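Novice: After the structure tokens below, expect a handful of questions from me.
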2 protein chains.
Amino acid sequence: MSGTLYGLGVGPGDPELVTLKVLRTLRDLPVIAYPAPEDGASFARSLVASWLSPAQTEIAIRVPMTRSVAPAQAVYDRAALEIAGHLEAGRDVGVLCQGDPFFYGSFIQIFERLSPRFPTQVVPGVSSLMACAAAAGSPLAMRDEILTILPATLGEPALEKRLKQAETAAIMKLGRNLRKVRRVLKRLRRADHATYVEHASLDSQKVLALDAVDPASAPYFSMVLVRRGSKGGR
Amino acid sequence: MSGTLYGLGVGPGDPELVTLKVLRTLRDLPVIAYPAPEDGASFARSLVASWLSPAQTEIAIRVPMTRSVAPAQAVYDRAALEIAGHLEAGRDVGVLCQGDPFFYGSFIQIFERLSPRFPTQVVPGVSSLMACAAAAGSPLAMRDEILTILPATLGEPALEKRLKQAETAAIMKLGRNLRKVRRVLKRLRRADHATYVEHASLDSQKVLALDAVDPASAPYFSMVLVRRGSKGGR
């Protein structure tokens with residue numbers, strides 16, 4: 001009998017935004033894996049650190065922060081191999097994931113490699129999308145509104161085309177894409193309806209008008225929320 | 001000093017998908033409000049019932065399930081008035097909300113009426129969107145994918161137009177709109193890429209191919225997830 005692979009959503013950053021289900025599931029897992037930088041501590045692990053036991057085996061998936069995809073893919077390949085070894089030996093493995101595992105989550109890398117071979121379960125988490133709306137103090141969507149989620153990593157023409165069609169929108173994964181996002185929103189005359197949120201739910205949380213953001217400082221885990229424009233607003 | 005209005009996301013239905021933050025916040029609140037049917041128990045309340053105390057004042061917002069909007073609006077008007085009375089007297093009030101308060105949440109009705117007058121905070125919750133993806137065992141969005149959230153309550157032409165533009169999509173609030181959604185997805189030849197999820201995270205959870213659903217039985221809290229079609233799939 002092989003073990004089960006668990007994707008565990010640990011929420012957007014506030015350790016109190018972890019669910020009871022993640023904590024209960026964690027307690028029974030012999031092996032825990034999590035993404036981490038090449039040097040230093042894992043943010044996902046820090047959110048549940050006080051609930052871990054020294055008896056648990058830990059696997060840090062140290063993902064290099066480079067523009068090229070190949071080095072990260074090799075790291076996920078090796079991590080999947082190590083996790084598969086535990087699963088084959090009948091040990092359940094939990095993979096911690098910031099936010100929600102299936103919403104642009106790093107867990108998907110492990111899921112794609114292992115879910116065809118092993119039983120897999122996902123415990124959903126509070127997403128950064130919802131945490132950013134709470135931080136901004138403004139509803140994401142209500143009634144008959146359509147909400148479009150766009151990664152800022154899209155090319156500028158694709159981003160512009162899709163934002164033109166969208167009513168309410170959330171633009172994720174800002175980082176070095178902030179200048180591009182701002183240019184597009186200005187061209188569409190929607191920059192005044194855009195709110196920037198960084199580190200939602202953490203003490204370092206910032207909520208700013210898009211024009212007030214220093215584009216050199218925007219982290220990857222930041223977001224722009226674009227409200228319905230002149231069509232009616234809220 | 002007036003009290004603070006709290007919107008508390010209690011998650012999609014599994015009582016274990018409540019966050020520590022909701023439970024800690026709840027404990028300190030003298031007044032708790034929640035949506036409920038005209039007769040019977042509140043589902044949102046049931047998710048945290050064991051954490052409530054008899055000393056807390058409870059306000060059931062009994063929302064009639066009718067097609068017309070006016071009766072529900074009158075109920076929310078009265079509830080907002082009652083809640084405002086507590087806030088004016090300096091008592092904090094928590095409003096429980098299934099899923100996430102700002103993602104098509106019933107809390108928005110109270111938020112719109114009271115947030116201009118009282119300090120307001122939202123504790124984000126695990127949304128049905130993420131719970132449905134976990135139930136379906138399939139990622140919502142990854143890498144450069146765009147995700148569009150559509151309420152099934154949209155008119156048929158609008159729904160068709162937006163689904164044609166969308167890659168990955170989630171169609172919420174199905175209920176009596178299921179036949180319409182199925183017609184549209186069949187015309188767009190995307191019905192084979194659609195998964196129906198009902199009561200995600202509950203014991204009564206169902207995951208079905210869209211064609212296998214009895215349209216007379218789909219509850220309002222059900223969803224269709226549409227994967228990227230022939231453009232590439234996953």
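Quick note on naming: the chains in the structure tokens go A, B, ... in the order shown, residues restart at 1 in each chain, and ligands are numbered from 1 in order of appearance.
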Can you write out as JSON lines which residues of stretch 4-68 of chain B fall within 7 Å of stretch 185-202 of chain B, alongside each residue's closest atom pair and its distance in Å to one decimal, counting only C-alpha atoms and ordering rows by chain and ascending residue number?
Specialist:
```
{"residue": "B:Pro12", "atom": "CA", "partner": "B:Ser201", "partner_atom": "CA", "distance": 6.7}
{"residue": "B:Gly13", "atom": "CA", "partner": "B:Leu202", "partner_atom": "CA", "distance": 5.8}
{"residue": "B:Asp14", "atom": "CA", "partner": "B:Ser201", "partner_atom": "CA", "distance": 5.4}
```
Novice: Can you pull out every residue within 7 Å of stretch 115-131 of chain B, counting only C-alpha atoms, but drop anything in the same chain fewer than 2 positions away, and send it as a PyMOL selection string?
Specialist: (chain A and resi 100+124-126+130-131+134) or (chain B and resi 4-12+17+22+99-101+111-113+133-135+200-201)
Novice: Which residues of chain A are close to chain B, meaning at most 6 Å apart when you count only C-alpha atoms, and how do they look as a PyMOL selection string?
Specialist: chain A and resi 16-21+102-104+122+124-126+130-131+134+139-142+144+146-151
Novice: Find the residues around A:Ala218 up to 9 Å (only C-alpha atoms counted), leave out those fewer than 6 positions away in its own chain, and share them as a list of chain:residue names.
Specialist: A:Leu174, A:Gly175, A:Arg176, A:Asn177, A:Leu178, A:Glu198
Novice: Please dump the current selection as a CSV table (one decimal), in the first residue's frame; keep N, CA and C atoms.
Specialist:
```
chain,number,residue,atom,x,y,z
A,174,LEU,N,3.0,40.1,-9.4
A,174,LEU,CA,3.5,41.4,-10.0
A,174,LEU,C,5.0,41.4,-10.1
A,175,GLY,N,5.7,41.6,-9.0
A,175,GLY,CA,7.2,41.7,-9.0
A,175,GLY,C,7.6,42.6,-10.1
A,176,ARG,N,8.5,42.1,-10.9
A,176,ARG,CA,9.1,43.0,-11.9
A,176,ARG,C,8.2,43.3,-13.1
A,177,ASN,N,7.0,42.8,-13.0
A,177,ASN,CA,6.0,43.1,-14.1
A,177,ASN,C,5.1,44.4,-13.8
A,178,LEU,N,5.4,45.0,-12.7
A,178,LEU,CA,4.6,46.1,-12.2
A,178,LEU,C,4.6,47.3,-13.2
A,198,GLU,N,0.3,44.4,-1.1
A,198,GLU,CA,1.5,43.7,-0.9
A,198,GLU,C,1.5,43.0,0.5
```
Novice: Residues of stretch 61-165 of chain A classed as helix (DSSP H, G or I) by DSSP on the backbone are to be reported as JSON, numbers by chain.
Specialist: {"A": [70, 71, 72, 73, 74, 75, 76, 77, 78, 79, 80, 81, 82, 83, 84, 85, 86, 87, 88, 107, 108, 109, 110, 111, 112, 113, 114, 128, 129, 130, 131, 132, 133, 134, 135, 136, 156, 157, 158, 159, 160, 161, 162, 163, 164, 165]}
Novice: Store the residues of this selection in a file with C-alpha atoms, as a PDB file, in the first residue's frame.
Specialist:
```
ATOM      1  CA  ALA A  70      15.065  24.667 -16.379  1.00  0.00           C
ATOM      2  CA  PRO A  71      16.877  24.900 -12.993  1.00  0.00           C
ATOM      3  CA  ALA A  72      13.580  25.029 -11.060  1.00  0.00           C
ATOM      4  CA  GLN A  73      12.198  22.107 -13.067  1.00  0.00           C
ATOM      5  CA  ALA A  74      15.258  20.027 -12.177  1.00  0.00           C
ATOM      6  CA  VAL A  75      14.735  20.850  -8.492  1.00  0.00           C
ATOM      7  CA  TYR A  76      11.078  19.768  -8.669  1.00  0.00           C
ATOM      8  CA  ASP A  77      12.107  16.577 -10.505  1.00  0.00           C
ATOM      9  CA  ARG A  78      14.500  15.666  -7.698  1.00  0.00           C
ATOM     10  CA  ALA A  79      11.975  16.588  -4.967  1.00  0.00           C
ATOM     11  CA  ALA A  80       9.296  14.460  -6.657  1.00  0.00           C
ATOM     12  CA  LEU A  81      11.711  11.525  -6.748  1.00  0.00           C
ATOM     13  CA  GLU A  82      12.476  11.881  -3.040  1.00  0.00           C
ATOM     14  CA  ILE A  83       8.772  12.230  -2.157  1.00  0.00           C
ATOM     15  CA  ALA A  84       7.923   9.215  -4.367  1.00  0.00           C
ATOM     16  CA  GLY A  85      10.410   7.139  -2.360  1.00  0.00           C
ATOM     17  CA  HIS A  86       8.475   7.848   0.848  1.00  0.00           C
ATOM     18  CA  LEU A  87       5.089   7.232  -0.816  1.00  0.00           C
ATOM     19  CA  GLU A  88       6.274   3.896  -2.256  1.00  0.00           C
ATOM     20  CA  PHE A 107       2.198  22.339  -5.132  1.00  0.00           C
ATOM     21  CA  ILE A 108       1.009  21.895  -8.732  1.00  0.00           C
ATOM     22  CA  GLN A 109       4.619  21.117  -9.715  1.00  0.00           C
ATOM     23  CA  ILE A 110       4.633  18.091  -7.405  1.00  0.00           C
ATOM     24  CA  PHE A 111       1.017  17.217  -8.236  1.00  0.00           C
ATOM     25  CA  GLU A 112       1.734  16.980 -11.963  1.00  0.00           C
ATOM     26  CA  ARG A 113       4.673  14.672 -11.364  1.00  0.00           C
ATOM     27  CA  LEU A 114       3.137  12.342  -8.784  1.00  0.00           C
ATOM     28  CA  SER A 128      -3.918  35.554  -1.380  1.00  0.00           C
ATOM     29  CA  LEU A 129      -6.747  36.687  -3.678  1.00  0.00           C
ATOM     30  CA  MET A 130      -9.205  36.774  -0.793  1.00  0.00           C
ATOM     31  CA  ALA A 131      -6.587  38.111   1.638  1.00  0.00           C
ATOM     32  CA  CYS A 132      -5.825  41.036  -0.717  1.00  0.00           C
ATOM     33  CA  ALA A 133      -9.502  41.949  -0.977  1.00  0.00           C
ATOM     34  CA  ALA A 134      -9.801  41.858   2.828  1.00  0.00           C
ATOM     35  CA  ALA A 135      -6.694  44.071   3.093  1.00  0.00           C
ATOM     36  CA  ALA A 136      -8.049  46.522   0.514  1.00  0.00           C
ATOM     37  CA  GLU A 156       1.816  43.159 -22.701  1.00  0.00           C
ATOM     38  CA  PRO A 157      -0.547  42.768 -25.709  1.00  0.00           C
ATOM     39  CA  ALA A 158      -2.293  39.749 -24.140  1.00  0.00           C
ATOM     40  CA  LEU A 159      -2.614  41.559 -20.821  1.00  0.00           C
ATOM     41  CA  GLU A 160      -4.108  44.627 -22.522  1.00  0.00           C
ATOM     42  CA  LYS A 161      -6.538  42.617 -24.619  1.00  0.00           C
ATOM     43  CA  ARG A 162      -7.836  40.646 -21.655  1.00  0.00           C
ATOM     44  CA  LEU A 163      -8.044  43.634 -19.314  1.00  0.00           C
ATOM     45  CA  LYS A 164     -10.070  45.460 -21.937  1.00  0.00           C
ATOM     46  CA  GLN A 165     -12.618  42.627 -21.898  1.00  0.00           C
TER      47      GLN A 165
END
```
Novice: Which value, in Å to one decimal, gives the distance between atom CA of B:Leu208 and atom CA of B:Tyr220?
Specialist: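 Between atom CA of B:Leu208 and atom CA of B:Tyr220 the gap is 15.9 Å.
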Novice: When DSSP is applied to the backbone of this structure, which of stretch 36-114 of chain A are assigned strand (DSSP E or B)? Write them out as number ranges by chain.
Specialist: A: 36, 57-62, 93-97, 99, 103
Novice: Those selected residues, please, written with N, CA and C atoms and delivered as a PDB file, in the first residue's frame.
Specialist:
```pdb
ATOM      1  N   ALA A  36      11.333  26.360  -0.467  1.00  0.00           N
ATOM      2  CA  ALA A  36      12.229  27.221   0.312  1.00  0.00           C
ATOM      3  C   ALA A  36      13.172  27.922  -0.658  1.00  0.00           C
ATOM      4  N   THR A  57      10.030  13.753   9.254  1.00  0.00           N
ATOM      5  CA  THR A  57      11.061  13.968   8.251  1.00  0.00           C
ATOM      6  C   THR A  57      10.691  15.199   7.430  1.00  0.00           C
ATOM      7  N   GLU A  58      11.650  16.098   7.213  1.00  0.00           N
ATOM      8  CA  GLU A  58      11.354  17.319   6.449  1.00  0.00           C
ATOM      9  C   GLU A  58      12.164  17.341   5.152  1.00  0.00           C
ATOM     10  N   ILE A  59      11.509  17.775   4.088  1.00  0.00           N
ATOM     11  CA  ILE A  59      12.156  17.912   2.783  1.00  0.00           C
ATOM     12  C   ILE A  59      12.008  19.369   2.338  1.00  0.00           C
ATOM     13  N   ALA A  60      13.099  20.094   2.280  1.00  0.00           N
ATOM     14  CA  ALA A  60      13.055  21.476   1.773  1.00  0.00           C
ATOM     15  C   ALA A  60      13.274  21.436   0.259  1.00  0.00           C
ATOM     16  N   ILE A  61      12.307  21.956  -0.478  1.00  0.00           N
ATOM     17  CA  ILE A  61      12.434  22.010  -1.942  1.00  0.00           C
ATOM     18  C   ILE A  61      13.022  23.380  -2.272  1.00  0.00           C
ATOM     19  N   ARG A  62      14.330  23.424  -2.479  1.00  0.00           N
ATOM     20  CA  ARG A  62      15.016  24.714  -2.596  1.00  0.00           C
ATOM     21  C   ARG A  62      15.009  25.183  -4.050  1.00  0.00           C
ATOM     22  N   VAL A  93       2.862  11.807   2.673  1.00  0.00           N
ATOM     23  CA  VAL A  93       3.702  12.998   2.583  1.00  0.00           C
ATOM     24  C   VAL A  93       2.807  14.233   2.407  1.00  0.00           C
ATOM     25  N   GLY A  94       3.026  15.257   3.227  1.00  0.00           N
ATOM     26  CA  GLY A  94       2.305  16.524   3.079  1.00  0.00           C
ATOM     27  C   GLY A  94       3.208  17.564   2.449  1.00  0.00           C
ATOM     28  N   VAL A  95       2.704  18.227   1.417  1.00  0.00           N
ATOM     29  CA  VAL A  95       3.469  19.306   0.794  1.00  0.00           C
ATOM     30  C   VAL A  95       2.798  20.625   1.166  1.00  0.00           C
ATOM     31  N   LEU A  96       3.498  21.464   1.904  1.00  0.00           N
ATOM     32  CA  LEU A  96       2.949  22.756   2.319  1.00  0.00           C
ATOM     33  C   LEU A  96       2.945  23.708   1.125  1.00  0.00           C
ATOM     34  N   CYS A  97       1.913  24.510   1.043  1.00  0.00           N
ATOM     35  CA  CYS A  97       1.823  25.444  -0.078  1.00  0.00           C
ATOM     36  C   CYS A  97       1.218  26.747   0.414  1.00  0.00           C
ATOM     37  N   GLY A  99      -0.925  30.021   0.450  1.00  0.00           N
ATOM     38  CA  GLY A  99      -2.214  30.253  -0.193  1.00  0.00           C
ATOM     39  C   GLY A  99      -2.968  28.962  -0.374  1.00  0.00           C
ATOM     40  N   PHE A 103      -4.480  27.000  -6.717  1.00  0.00           N
ATOM     41  CA  PHE A 103      -4.646  28.346  -7.287  1.00  0.00           C
ATOM     42  C   PHE A 103      -3.248  28.934  -7.486  1.00  0.00           C
TER      43      PHE A 103
END
```
Novice: Just how far from atom CA of A:Gln98 is atom CA of A:Val226, in Å to one decimal?
Specialist: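 Between atom CA of A:Val226 and atom CA of A:Gln98 the gap is 23.1 Å.
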Novice: Would you compute the distance between atom CA of A:Met65 and atom CA of A:Ser204? Give it in Å to one decimal.
Specialist: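 One can read the atom CA of A:Met65 to atom CA of A:Ser204 distance as 21.8 Å.
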